[in-house]
$ cat model01.txt   # compact mmCIF, N, CA, C and O atoms
# COMPACT_ATOMS: atom_id res chain seq x y z
N MET A 1 -4.41 -12.42 -0.40
CA MET A 1 -3.69 -12.56 0.85
C MET A 1 -4.60 -13.10 1.93
O MET A 1 -4.19 -13.91 2.73
N SER A 2 -5.84 -12.60 1.93
CA SER A 2 -6.78 -13.05 2.95
C SER A 2 -7.01 -14.55 2.87
O SER A 2 -7.14 -15.22 3.88
N ARG A 3 -7.05 -15.08 1.67
CA ARG A 3 -7.31 -16.51 1.48
C ARG A 3 -6.21 -17.37 2.09
O ARG A 3 -6.48 -18.42 2.65
N VAL A 4 -4.97 -16.95 2.00
CA VAL A 4 -3.86 -17.81 2.45
C VAL A 4 -3.42 -17.53 3.88
O VAL A 4 -2.69 -18.34 4.45
N LEU A 5 -3.86 -16.44 4.47
CA LEU A 5 -3.53 -16.19 5.87
C LEU A 5 -4.40 -17.06 6.77
O LEU A 5 -5.60 -17.16 6.56
N ARG A 6 -3.80 -17.66 7.77
CA ARG A 6 -4.61 -18.42 8.72
C ARG A 6 -5.29 -17.43 9.67
O ARG A 6 -4.84 -16.27 9.79
N PRO A 7 -6.37 -17.82 10.32
CA PRO A 7 -7.03 -16.92 11.28
C PRO A 7 -6.02 -16.43 12.33
O PRO A 7 -5.27 -17.21 12.90
N GLY A 8 -5.98 -15.13 12.52
CA GLY A 8 -5.02 -14.52 13.44
C GLY A 8 -3.67 -14.26 12.80
O GLY A 8 -2.78 -13.69 13.43
N GLY A 9 -3.49 -14.70 11.53
CA GLY A 9 -2.21 -14.53 10.85
C GLY A 9 -1.95 -13.08 10.48
O GLY A 9 -2.88 -12.29 10.30
N ARG A 10 -0.68 -12.72 10.39
CA ARG A 10 -0.29 -11.36 10.05
C ARG A 10 0.44 -11.29 8.73
O ARG A 10 1.17 -12.19 8.35
N LEU A 11 0.25 -10.18 8.06
CA LEU A 11 0.94 -9.85 6.83
C LEU A 11 1.72 -8.56 7.08
O LEU A 11 1.17 -7.60 7.61
N VAL A 12 2.99 -8.56 6.73
CA VAL A 12 3.79 -7.35 6.80
C VAL A 12 4.00 -6.88 5.37
O VAL A 12 4.57 -7.58 4.54
N LEU A 13 3.48 -5.70 5.09
CA LEU A 13 3.55 -5.13 3.75
C LEU A 13 4.58 -4.01 3.74
O LEU A 13 4.51 -3.09 4.55
N ARG A 14 5.55 -4.14 2.85
CA ARG A 14 6.57 -3.10 2.68
C ARG A 14 6.54 -2.70 1.21
O ARG A 14 6.67 -3.52 0.33
N ASP A 15 6.33 -1.42 1.00
CA ASP A 15 6.21 -0.92 -0.37
C ASP A 15 6.60 0.54 -0.38
O ASP A 15 7.02 1.11 0.62
N MET A 16 6.40 1.17 -1.52
CA MET A 16 6.69 2.59 -1.69
C MET A 16 5.39 3.38 -1.52
O MET A 16 4.33 2.94 -1.95
N THR A 17 5.47 4.53 -0.90
CA THR A 17 4.33 5.44 -0.81
C THR A 17 4.86 6.86 -0.71
O THR A 17 6.07 7.07 -0.66
N MET A 18 3.98 7.80 -0.69
CA MET A 18 4.33 9.21 -0.53
C MET A 18 3.39 9.81 0.51
O MET A 18 2.21 9.48 0.54
N ARG A 19 3.91 10.69 1.35
CA ARG A 19 3.08 11.34 2.37
C ARG A 19 2.02 12.24 1.75
O ARG A 19 0.90 12.30 2.19
N SER A 20 2.39 12.92 0.71
CA SER A 20 1.51 13.91 0.08
C SER A 20 0.58 13.27 -0.94
O SER A 20 1.02 12.58 -1.86
N ALA A 21 -0.72 13.53 -0.80
CA ALA A 21 -1.69 13.04 -1.78
C ALA A 21 -1.43 13.65 -3.15
O ALA A 21 -1.61 12.99 -4.17
N ALA A 22 -0.97 14.89 -3.19
CA ALA A 22 -0.68 15.55 -4.46
C ALA A 22 0.49 14.87 -5.18
O ALA A 22 0.44 14.67 -6.40
N VAL A 23 1.51 14.48 -4.44
CA VAL A 23 2.65 13.79 -5.05
C VAL A 23 2.23 12.41 -5.52
O VAL A 23 2.62 11.98 -6.61
N ARG A 24 1.42 11.70 -4.72
CA ARG A 24 0.91 10.39 -5.15
C ARG A 24 0.09 10.54 -6.44
O ARG A 24 0.22 9.74 -7.36
N TRP A 25 -0.75 11.58 -6.50
CA TRP A 25 -1.55 11.81 -7.70
C TRP A 25 -0.64 12.03 -8.91
O TRP A 25 -0.86 11.45 -9.97
N PHE A 26 0.38 12.87 -8.76
CA PHE A 26 1.31 13.14 -9.86
C PHE A 26 1.99 11.85 -10.33
O PHE A 26 2.05 11.57 -11.53
N CYS A 27 2.49 11.08 -9.37
CA CYS A 27 3.18 9.83 -9.73
C CYS A 27 2.23 8.86 -10.43
O CYS A 27 2.59 8.26 -11.44
N ASN A 28 1.01 8.69 -9.89
CA ASN A 28 0.06 7.73 -10.44
C ASN A 28 -0.55 8.19 -11.77
O ASN A 28 -0.88 7.37 -12.62
N THR A 29 -0.71 9.50 -11.96
CA THR A 29 -1.41 10.01 -13.14
C THR A 29 -0.46 10.41 -14.27
O THR A 29 -0.80 10.27 -15.44
N ILE A 30 0.72 10.90 -13.93
CA ILE A 30 1.65 11.40 -14.95
C ILE A 30 2.87 10.48 -15.09
O ILE A 30 3.14 9.94 -16.17
N GLU A 31 3.59 10.29 -14.01
CA GLU A 31 4.87 9.58 -14.07
C GLU A 31 4.74 8.09 -14.38
O GLU A 31 5.40 7.58 -15.29
N MET A 32 3.88 7.37 -13.66
CA MET A 32 3.77 5.92 -13.86
C MET A 32 3.26 5.55 -15.26
O MET A 32 3.80 4.62 -15.87
N PRO A 33 2.26 6.24 -15.81
CA PRO A 33 1.86 5.91 -17.19
C PRO A 33 2.99 6.11 -18.21
O PRO A 33 3.12 5.33 -19.15
N LEU A 34 3.82 7.12 -18.01
CA LEU A 34 4.96 7.33 -18.92
C LEU A 34 5.98 6.21 -18.77
O LEU A 34 6.52 5.72 -19.76
N ILE A 35 6.23 5.79 -17.55
CA ILE A 35 7.16 4.68 -17.31
C ILE A 35 6.60 3.40 -17.92
O ILE A 35 7.33 2.61 -18.52
N HIS A 36 5.29 3.21 -17.80
CA HIS A 36 4.65 2.02 -18.37
C HIS A 36 4.81 2.00 -19.89
O HIS A 36 5.05 0.94 -20.48
N LEU A 37 4.69 3.15 -20.53
CA LEU A 37 4.88 3.23 -21.98
C LEU A 37 6.29 2.80 -22.39
O LEU A 37 6.50 2.29 -23.48
N ALA A 38 7.24 3.03 -21.51
CA ALA A 38 8.63 2.65 -21.79
C ALA A 38 8.88 1.17 -21.49
O ALA A 38 10.00 0.70 -21.61
N GLY A 39 7.82 0.44 -21.08
CA GLY A 39 7.96 -0.99 -20.82
C GLY A 39 8.54 -1.32 -19.47
O GLY A 39 9.10 -2.39 -19.27
N LYS A 40 8.40 -0.44 -18.51
CA LYS A 40 9.00 -0.64 -17.20
C LYS A 40 8.01 -1.08 -16.12
O LYS A 40 8.25 -0.94 -14.96
N GLY A 41 6.85 -1.58 -16.50
CA GLY A 41 5.93 -2.10 -15.51
C GLY A 41 4.71 -1.23 -15.34
O GLY A 41 4.59 -0.16 -15.90
N ASP A 42 3.80 -1.73 -14.56
CA ASP A 42 2.54 -1.06 -14.30
C ASP A 42 2.29 -1.10 -12.80
O ASP A 42 1.95 -2.15 -12.25
N VAL A 43 2.48 0.01 -12.14
CA VAL A 43 2.37 0.06 -10.68
C VAL A 43 1.50 1.23 -10.26
O VAL A 43 1.20 2.12 -11.06
N LYS A 44 1.11 1.22 -8.99
CA LYS A 44 0.37 2.33 -8.41
C LYS A 44 0.90 2.55 -7.00
O LYS A 44 1.24 1.61 -6.30
N ILE A 45 0.97 3.80 -6.60
CA ILE A 45 1.40 4.15 -5.26
C ILE A 45 0.16 4.38 -4.42
O ILE A 45 -0.67 5.22 -4.76
N TYR A 46 0.01 3.61 -3.35
CA TYR A 46 -1.16 3.69 -2.49
C TYR A 46 -0.87 4.51 -1.24
O TYR A 46 0.24 4.51 -0.72
N GLY A 47 -1.90 5.17 -0.74
CA GLY A 47 -1.83 5.89 0.53
C GLY A 47 -2.54 5.10 1.61
O GLY A 47 -3.10 4.03 1.38
N ARG A 48 -2.52 5.63 2.83
CA ARG A 48 -3.12 4.96 3.98
C ARG A 48 -4.60 4.64 3.75
O ARG A 48 -5.05 3.54 4.05
N GLU A 49 -5.35 5.59 3.25
CA GLU A 49 -6.79 5.40 3.07
C GLU A 49 -7.08 4.28 2.08
O GLU A 49 -7.99 3.47 2.29
N GLU A 50 -6.32 4.23 0.99
CA GLU A 50 -6.53 3.20 -0.03
C GLU A 50 -6.18 1.81 0.50
O GLU A 50 -6.92 0.85 0.27
N ILE A 51 -5.08 1.71 1.23
CA ILE A 51 -4.68 0.41 1.79
C ILE A 51 -5.69 -0.02 2.85
O ILE A 51 -6.07 -1.19 2.92
N SER A 52 -6.15 0.92 3.65
CA SER A 52 -7.16 0.60 4.66
C SER A 52 -8.43 0.06 4.01
O SER A 52 -9.01 -0.94 4.47
N LYS A 53 -8.87 0.67 2.93
CA LYS A 53 -10.08 0.23 2.22
C LYS A 53 -9.86 -1.15 1.60
O LYS A 53 -10.75 -2.01 1.66
N LEU A 54 -8.69 -1.39 1.00
CA LEU A 54 -8.39 -2.71 0.44
C LEU A 54 -8.43 -3.79 1.52
O LEU A 54 -8.97 -4.88 1.31
N CYS A 55 -7.86 -3.49 2.69
CA CYS A 55 -7.87 -4.43 3.81
C CYS A 55 -9.30 -4.70 4.27
O CYS A 55 -9.69 -5.85 4.48
N GLU A 56 -10.05 -3.64 4.44
CA GLU A 56 -11.44 -3.76 4.87
C GLU A 56 -12.25 -4.63 3.90
O GLU A 56 -12.99 -5.53 4.32
N ASN A 57 -12.08 -4.40 2.61
CA ASN A 57 -12.79 -5.18 1.59
C ASN A 57 -12.40 -6.65 1.62
O ASN A 57 -13.20 -7.51 1.24
N ALA A 58 -11.17 -6.95 2.06
CA ALA A 58 -10.69 -8.33 2.12
C ALA A 58 -10.97 -8.97 3.47
O ALA A 58 -10.60 -10.13 3.70
N GLY A 59 -11.59 -8.22 4.40
CA GLY A 59 -11.87 -8.77 5.72
C GLY A 59 -10.66 -8.80 6.63
O GLY A 59 -10.59 -9.58 7.57
N LEU A 60 -9.69 -7.94 6.37
CA LEU A 60 -8.48 -7.86 7.18
C LEU A 60 -8.48 -6.58 8.01
O LEU A 60 -9.15 -5.62 7.66
N HIS A 61 -7.69 -6.58 9.09
CA HIS A 61 -7.61 -5.42 9.98
C HIS A 61 -6.19 -4.84 9.93
O HIS A 61 -5.22 -5.55 10.15
N MET A 62 -6.08 -3.55 9.62
CA MET A 62 -4.78 -2.89 9.58
C MET A 62 -4.38 -2.52 11.01
O MET A 62 -5.04 -1.74 11.66
N GLU A 63 -3.31 -3.12 11.51
CA GLU A 63 -2.84 -2.87 12.87
C GLU A 63 -1.86 -1.71 12.95
O GLU A 63 -1.83 -1.01 13.95
N ALA A 64 -1.06 -1.54 11.93
CA ALA A 64 -0.04 -0.48 11.95
C ALA A 64 0.19 0.02 10.53
O ALA A 64 0.12 -0.75 9.58
N PHE A 65 0.46 1.31 10.43
CA PHE A 65 0.79 1.92 9.14
C PHE A 65 1.80 3.02 9.43
O PHE A 65 1.52 3.94 10.19
N GLU A 66 2.97 2.91 8.83
CA GLU A 66 4.01 3.93 9.01
C GLU A 66 4.63 4.27 7.66
O GLU A 66 4.75 3.41 6.80
N ILE A 67 5.01 5.52 7.54
CA ILE A 67 5.83 5.93 6.40
C ILE A 67 7.20 6.24 7.00
O ILE A 67 7.34 7.14 7.83
N ARG A 68 8.16 5.45 6.60
CA ARG A 68 9.52 5.60 7.13
C ARG A 68 10.39 6.29 6.08
O ARG A 68 10.27 6.02 4.90
N SER A 69 11.26 7.13 6.55
CA SER A 69 12.13 7.95 5.70
C SER A 69 11.28 8.68 4.66
O SER A 69 10.19 9.13 4.95
N PHE A 70 11.75 8.77 3.44
CA PHE A 70 11.06 9.57 2.43
C PHE A 70 9.81 8.90 1.89
O PHE A 70 8.76 9.51 1.78
N CYS A 71 9.90 7.63 1.53
CA CYS A 71 8.77 7.01 0.82
C CYS A 71 8.59 5.53 1.12
O CYS A 71 7.97 4.82 0.34
N LEU A 72 9.11 5.02 2.23
CA LEU A 72 9.01 3.61 2.55
C LEU A 72 7.77 3.34 3.41
O LEU A 72 7.63 3.88 4.51
N LEU A 73 6.88 2.53 2.89
CA LEU A 73 5.66 2.15 3.59
C LEU A 73 5.91 0.88 4.37
O LEU A 73 6.49 -0.08 3.86
N HIS A 74 5.47 0.86 5.63
CA HIS A 74 5.53 -0.33 6.48
C HIS A 74 4.13 -0.49 7.07
O HIS A 74 3.65 0.38 7.78
N CYS A 75 3.47 -1.60 6.76
CA CYS A 75 2.10 -1.82 7.19
C CYS A 75 1.96 -3.25 7.72
O CYS A 75 2.48 -4.18 7.12
N VAL A 76 1.27 -3.39 8.85
CA VAL A 76 1.00 -4.70 9.43
C VAL A 76 -0.51 -4.92 9.40
O VAL A 76 -1.27 -4.07 9.87
N VAL A 77 -0.91 -6.05 8.83
CA VAL A 77 -2.32 -6.38 8.65
C VAL A 77 -2.57 -7.74 9.29
O VAL A 77 -1.73 -8.64 9.19
N ARG A 78 -3.72 -7.90 9.96
CA ARG A 78 -4.04 -9.17 10.60
C ARG A 78 -5.40 -9.69 10.13
O ARG A 78 -6.33 -8.92 9.94
N LYS A 79 -5.46 -11.00 9.97
CA LYS A 79 -6.74 -11.65 9.66
C LYS A 79 -7.42 -11.99 10.98
O LYS A 79 -6.80 -12.59 11.87
N PRO A 80 -8.68 -11.61 11.16
CA PRO A 80 -9.38 -11.91 12.42
C PRO A 80 -9.40 -13.41 12.72
O PRO A 80 -9.38 -14.24 11.81
N GLU A 81 -9.45 -13.75 13.99
CA GLU A 81 -9.48 -15.15 14.44
C GLU A 81 -10.78 -15.81 14.05
O GLU A 81 -11.81 -15.29 13.98
$ encode --input "model01.txt" --output "structure tokens"
Amino acid sequence: MSRVLRPGGRLVLRDMTMRSAAVRWFCNTIEMPLIHLAGKGDVKIYGREEISKLCENAGLHMEAFEIRSFCLLHCVVRKPE
């Protein structure tokens, strides 16, 4: 994403997340591997800290992070000018 964003460009990320680290752990460690065995994809549920670290590693700045309703993640990321 960092490569294709122009300087000052924004990325709006909408995905699934969970407020509780314990629930995220259960989903990522137990539930998702079982779903993957059934041929339904390979996914991971990220929390604020993980997304922040991914952004930092890519040279991006996280401007906003919200969990809306039960599990909807809304995150705004900007590439520095």
$ select_by_dssp --input "model01.txt" --residues "chain A" --states "strand (DSSP E or B)" --output "list of chain:residue names"
A:Arg10, A:Leu11, A:Val12, A:Leu13, A:Arg14, A:Asp15, A:Met16, A:His61, A:Met62, A:Glu63, A:Ala64, A:Phe65, A:Glu66, A:Ile67, A:Arg68, A:Leu72, A:Leu73, A:His74, A:Cys75, A:Val76, A:Val77, A:Arg78
$ closest_residue --input "model01.txt" --among "A:Val12, A:Ile30, A:Leu5, A:Val77" --to "A:Leu54" --atoms "only C-alpha atoms"
A:Val77
$ residues_around --input "model01.txt" --residues "A:His61" --least-positions-apart "4" --cutoff "7 Å" --atoms "only C-alpha atoms" --output "VMD selection string"
chain A and resid 55 to 56 77 to 79
$ closest_residue --input "model01.txt" --among "A:Ser69, A:Glu49, A:Leu37, A:Thr29" --to "A:Thr17" --atoms "all atoms listed in the file"
A:Ser69
$ residues_around --input "model01.txt" --residues "A:Val76" --least-positions-apart "6" --cutoff "4.5 Å" --atoms "only N, CA, C and O atoms" --output "MDAnalysis selection string"
chainID A and resid 11 61:64
$ atom_distance --input "model01.txt" --atom1 "atom CA of A:Ser2" --atom2 "atom O of A:Ala58"
4.9 Å
$ residues_around --input "model01.txt" --residues "A:Val43" --least-positions-apart "2" --cutoff "10 Å" --atoms "only C-alpha atoms" --output "list in words"
Cys27, Asn28, Met32, Pro33, Ile35, His36, Lys40, Gly41, Ile45 and Tyr46 of chain A
$ residues_near_point --input "model01.txt" --point "(9.0, -1.3, 6.7)" --cutoff "6 Å" --atoms "all atoms listed in the file" --output "VMD selection string"
chain A and resid 13 to 14 72 to 75
$ residues_around --input "model01.txt" --residues "A:Cys71" --least-positions-apart "4" --cutoff "7 Å" --atoms "only C-alpha atoms" --output "VMD selection string"
chain A and resid 16 to 18 67
$ select_by_dssp --input "model01.txt" --residues "chain A" --states "alpha helix (DSSP H)" --output "ChimeraX atom specification"
/A:21-26,32-37,48-57
$ closest_residue --input "model01.txt" --among "A:Glu50, A:Phe65, A:Phe70, A:Arg3" --to "A:Ser20" --atoms "only N, CA, C and O atoms"
A:Phe70
$ atom_distance --input "model01.txt" --atom1 "atom N of A:Ala38" --atom2 "atom N of A:Arg68"
28.2 Å
$ closest_residue --input "model01.txt" --among "A:Gly59, A:Val4, A:Trp25, A:Ile51" --to "A:Glu81" --atoms "all atoms listed in the file"
A:Gly59
$ closest_residue --input "model01.txt" --among "A:Pro80, A:Gly47, A:Gly8, A:Gly39" --to "A:Arg24" --atoms "only C-alpha atoms"
A:Gly47
$ atom_distance --input "model01.txt" --atom1 "atom N of A:Asp15" --atom2 "atom O of A:Asn57"
20.5 Å
$ axis_aligned_box --input "model01.txt" --around "stretch 20-25 of chain A" --padding-each-side "3 Å" --output "AutoDock Vina command-line options"
--center_x 0.5 --center_y 12.6 --center_z -4.6 --size_x 10.3 --size_y 11.8 --size_z 16.7
